[in-house]
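Chemist: Please read through the structure below; I'll follow up with questions.
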Amino acid sequence: MSQSQYSLSWEDHPKNICNGLSYLQQNGEFVDMTLAADGHFVKVHQVIMALSSPFIKDLIASANCPHPVIVLNKISQSTLLSILEYIYTGEVMVAIENIRDLIDAAKELHIKGLQEMNLSVPRAEYQHADHESLSTDTTCLHIEEDDIPYCEIQKQTDKINCHDMEVVATGPINMGVIQNSSDHGGLNELCFSEGRTVALQPETDKRSTVLPDMEPKKTNTLQYTVSAQGSLQLILNRFLYYLKYTKQDHTRQWRCVDYLTRTKCPAVVITKGNMVLQRILAHKHLFHDKKILKKVMANNVFTAFDDAEQTGLKLKDKQTESNPDSE
């Protein structure tokens, strides 16, 4: 005799999932890719974007890096935010004069649910129409204001740091996918012209790149720690670096800690103050998440270089006191 089974259902599951995903996006939690449009940057989740568009999924797969940046040159910031609100919540309120731009952009990006929609009112009739009907082959989109979960899509107002990146693909809307270099011998310089196209300028003598119109900026992601011996270390983008040397102008060169292992990782970061000036070469290994987590648990992570330096000096002094004969 078979045992009785119960079906457990969560009635608010779709609403909670949509709201939860939007909340994570707004707070920048677990975001792992960036969309750039109209001079603005929005951090989003790869898995959400891949599910919403097979075209974007292929772009992400071709990037082959942990945090790709996709540049959308013919899409405005407002259109991008509307598309993202649709992707994250399933619905979006759009002014009637902006619907055409939204649908056209969605078709270019192959956004599921939007690319199948056809406008029943021509563009010339927008100013005289009271409403717009968007439809697919199987269903009609009826927007009820009370039913929409309002979730603000958070945009990144500061320009992102795009060192050690290159354009690896283009799309039908002059789209560029930027990725960290790993397998390519030469990097390209990403330039934004007034026409908002992406120009590629191969460089053969060095394996680093910067955006010429983006000056090094102070970043909130730059953190410091110390090794067990009190040596200064840098935490950046889930990787650990040790301080190799400091120049008289306070420019510092940091080398990946895995350079001291069999991996011989060649990745190098150049900083000055709390700014990243340059990233040289790509990492040849996985993230240092476990090592970083141990330092976080030990309360051994600092946002100021001076704090980490003082902690390192104290640690070295303690070791010297406990081992006076080691000098």
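Naming scheme: A, B, ... for chains in displayed order of the structure tokens; residues 1 onward per chain; ligands 1 onward as shown.
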I want to know what sits within 8 Å of stretch 228-234 of chain A, based on only C-alpha atoms, with residues of the same chain fewer than 6 positions away left out; could you give that as a PyMOL selection string?
Modeler: chain A and resi 222+240-243+254+308-309+311-316+319
Chemist: Find the spatial neighbours of A:Ile83, counting only C-alpha atoms, within a cut-off of 9 Å - ignore same-chain residues fewer than 5 positions away - and output them as a list in words.
Modeler: Ser78, Tyr88, Val92, Leu102, Ala105, Ala106, Ile111 and Leu114 of chain A
Chemist: Got time to write the residues from that selection, C-alpha atoms, as a JSON list (two decimals), in the first residue's frame?
Modeler:
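Wrote selection-v8.json, looks like this:
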[["chain", "number", "residue", "atom", "x", "y", "z"],
["A", 78, "SER", "CA", 16.00, 54.48, -19.61],
["A", 88, "TYR", "CA", 13.50, 40.89, -12.98],
["A", 92, "VAL", "CA", 7.17, 47.17, -16.50],
["A", 102, "LEU", "CA", 11.68, 49.36, -25.74],
["A", 105, "ALA", "CA", 15.76, 47.08, -28.22],
["A", 106, "ALA", "CA", 14.17, 43.92, -26.81],
["A", 111, "ILE", "CA", 14.42, 39.23, -24.71],
["A", 114, "LEU", "CA", 9.16, 41.10, -25.47]]
Chemist: Using DSSP assignments from the backbone, pull out every residue in stretch 215-286 of chain A that falls under helix (DSSP H, G or I) and give it to me as a ChimeraX atom specification.
Modeler: /A:257-260
Chemist: Please report the interatomic distance between atom CA of A:Met49 and atom CA of A:Asn237 in Å with one decimal.
Modeler: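 So the two atoms, atom CA of A:Met49 and atom CA of A:Asn237, lie 21.3 Å apart.
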Chemist: Calculate how many Å separate atom CA of A:Arg238 from atom CA of A:Pro266, rounding to one decimal.
Modeler: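 Atom CA of A:Pro266 lies 16.0 Å from atom CA of A:Arg238.
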Chemist: Excluding A:Thr251 and its own-chain neighbours fewer than 5 positions away, which residues fall within 12 Å of it when counting only C-alpha atoms? Please give them as a PyMOL selection string.
Modeler: chain A and resi 243-246+269-278
Chemist: Restricting the output to C-alpha atoms, write the selected residues as a short mmCIF file (atom, residue, chain, number, x, y, z; two decimals), in the first residue's frame.
Modeler:
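Wrote part_7.cif, looks like this:
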data_model
loop_
_atom_site.label_atom_id
_atom_site.label_comp_id
_atom_site.auth_asym_id
_atom_site.auth_seq_id
_atom_site.Cartn_x
_atom_site.Cartn_y
_atom_site.Cartn_z
CA LEU A 243 53.11 43.89 -1.75
CA LYS A 244 56.19 43.54 -3.94
CA TYR A 245 57.55 47.08 -3.62
CA THR A 246 56.60 50.73 -3.11
CA VAL A 269 48.17 45.13 -9.87
CA ILE A 270 49.57 48.67 -9.73
CA THR A 271 47.97 51.03 -7.19
CA LYS A 272 48.50 54.53 -5.86
CA GLY A 273 46.65 55.51 -2.73
CA ASN A 274 43.28 53.79 -2.96
CA MET A 275 43.25 53.79 -6.76
CA VAL A 276 43.94 50.96 -9.17
CA LEU A 277 46.19 52.32 -11.92
CA GLN A 278 46.79 49.18 -13.91
#
Chemist: Step one, run DSSP on the backbone; step two, keep only residues of stretch 28-141 of chain A assigned to strand (DSSP E or B); then write them as a list in words.
Modeler: Met33, Thr34, Leu35, Ala36, Ala37, His40, Phe41, Val42, Lys43, Val44, Val69, Ile70, Val71, Leu72, Asn118, Leu119, Leu134, Ser135, Cys140 and Leu141 of chain A
Chemist: Write a file of the just-selected residues containing C-alpha atoms, as a JSON list (two decimals), in the first residue's frame.
Modeler:
[["chain", "number", "residue", "atom", "x", "y", "z"],
["A", 33, "MET", "CA", 28.18, 41.00, -14.89],
["A", 34, "THR", "CA", 27.74, 44.62, -15.97],
["A", 35, "LEU", "CA", 25.59, 46.18, -18.68],
["A", 36, "ALA", "CA", 26.72, 49.55, -20.04],
["A", 37, "ALA", "CA", 24.39, 51.90, -21.91],
["A", 40, "HIS", "CA", 25.82, 54.38, -17.32],
["A", 41, "PHE", "CA", 26.62, 50.99, -15.82],
["A", 42, "VAL", "CA", 24.20, 48.52, -14.24],
["A", 43, "LYS", "CA", 25.37, 45.43, -12.40],
["A", 44, "VAL", "CA", 23.17, 42.37, -12.88],
["A", 69, "VAL", "CA", 30.86, 43.78, -19.29],
["A", 70, "ILE", "CA", 28.43, 44.12, -22.20],
["A", 71, "VAL", "CA", 28.34, 47.52, -23.90],
["A", 72, "LEU", "CA", 25.00, 48.39, -25.52],
["A", 118, "ASN", "CA", 3.92, 43.55, -32.02],
["A", 119, "LEU", "CA", 2.65, 47.10, -31.75],
["A", 134, "LEU", "CA", 1.01, 44.75, -27.05],
["A", 135, "SER", "CA", 0.42, 41.16, -28.03],
["A", 140, "CYS", "CA", -2.06, 39.86, -24.75],
["A", 141, "LEU", "CA", -0.21, 42.11, -22.34]]
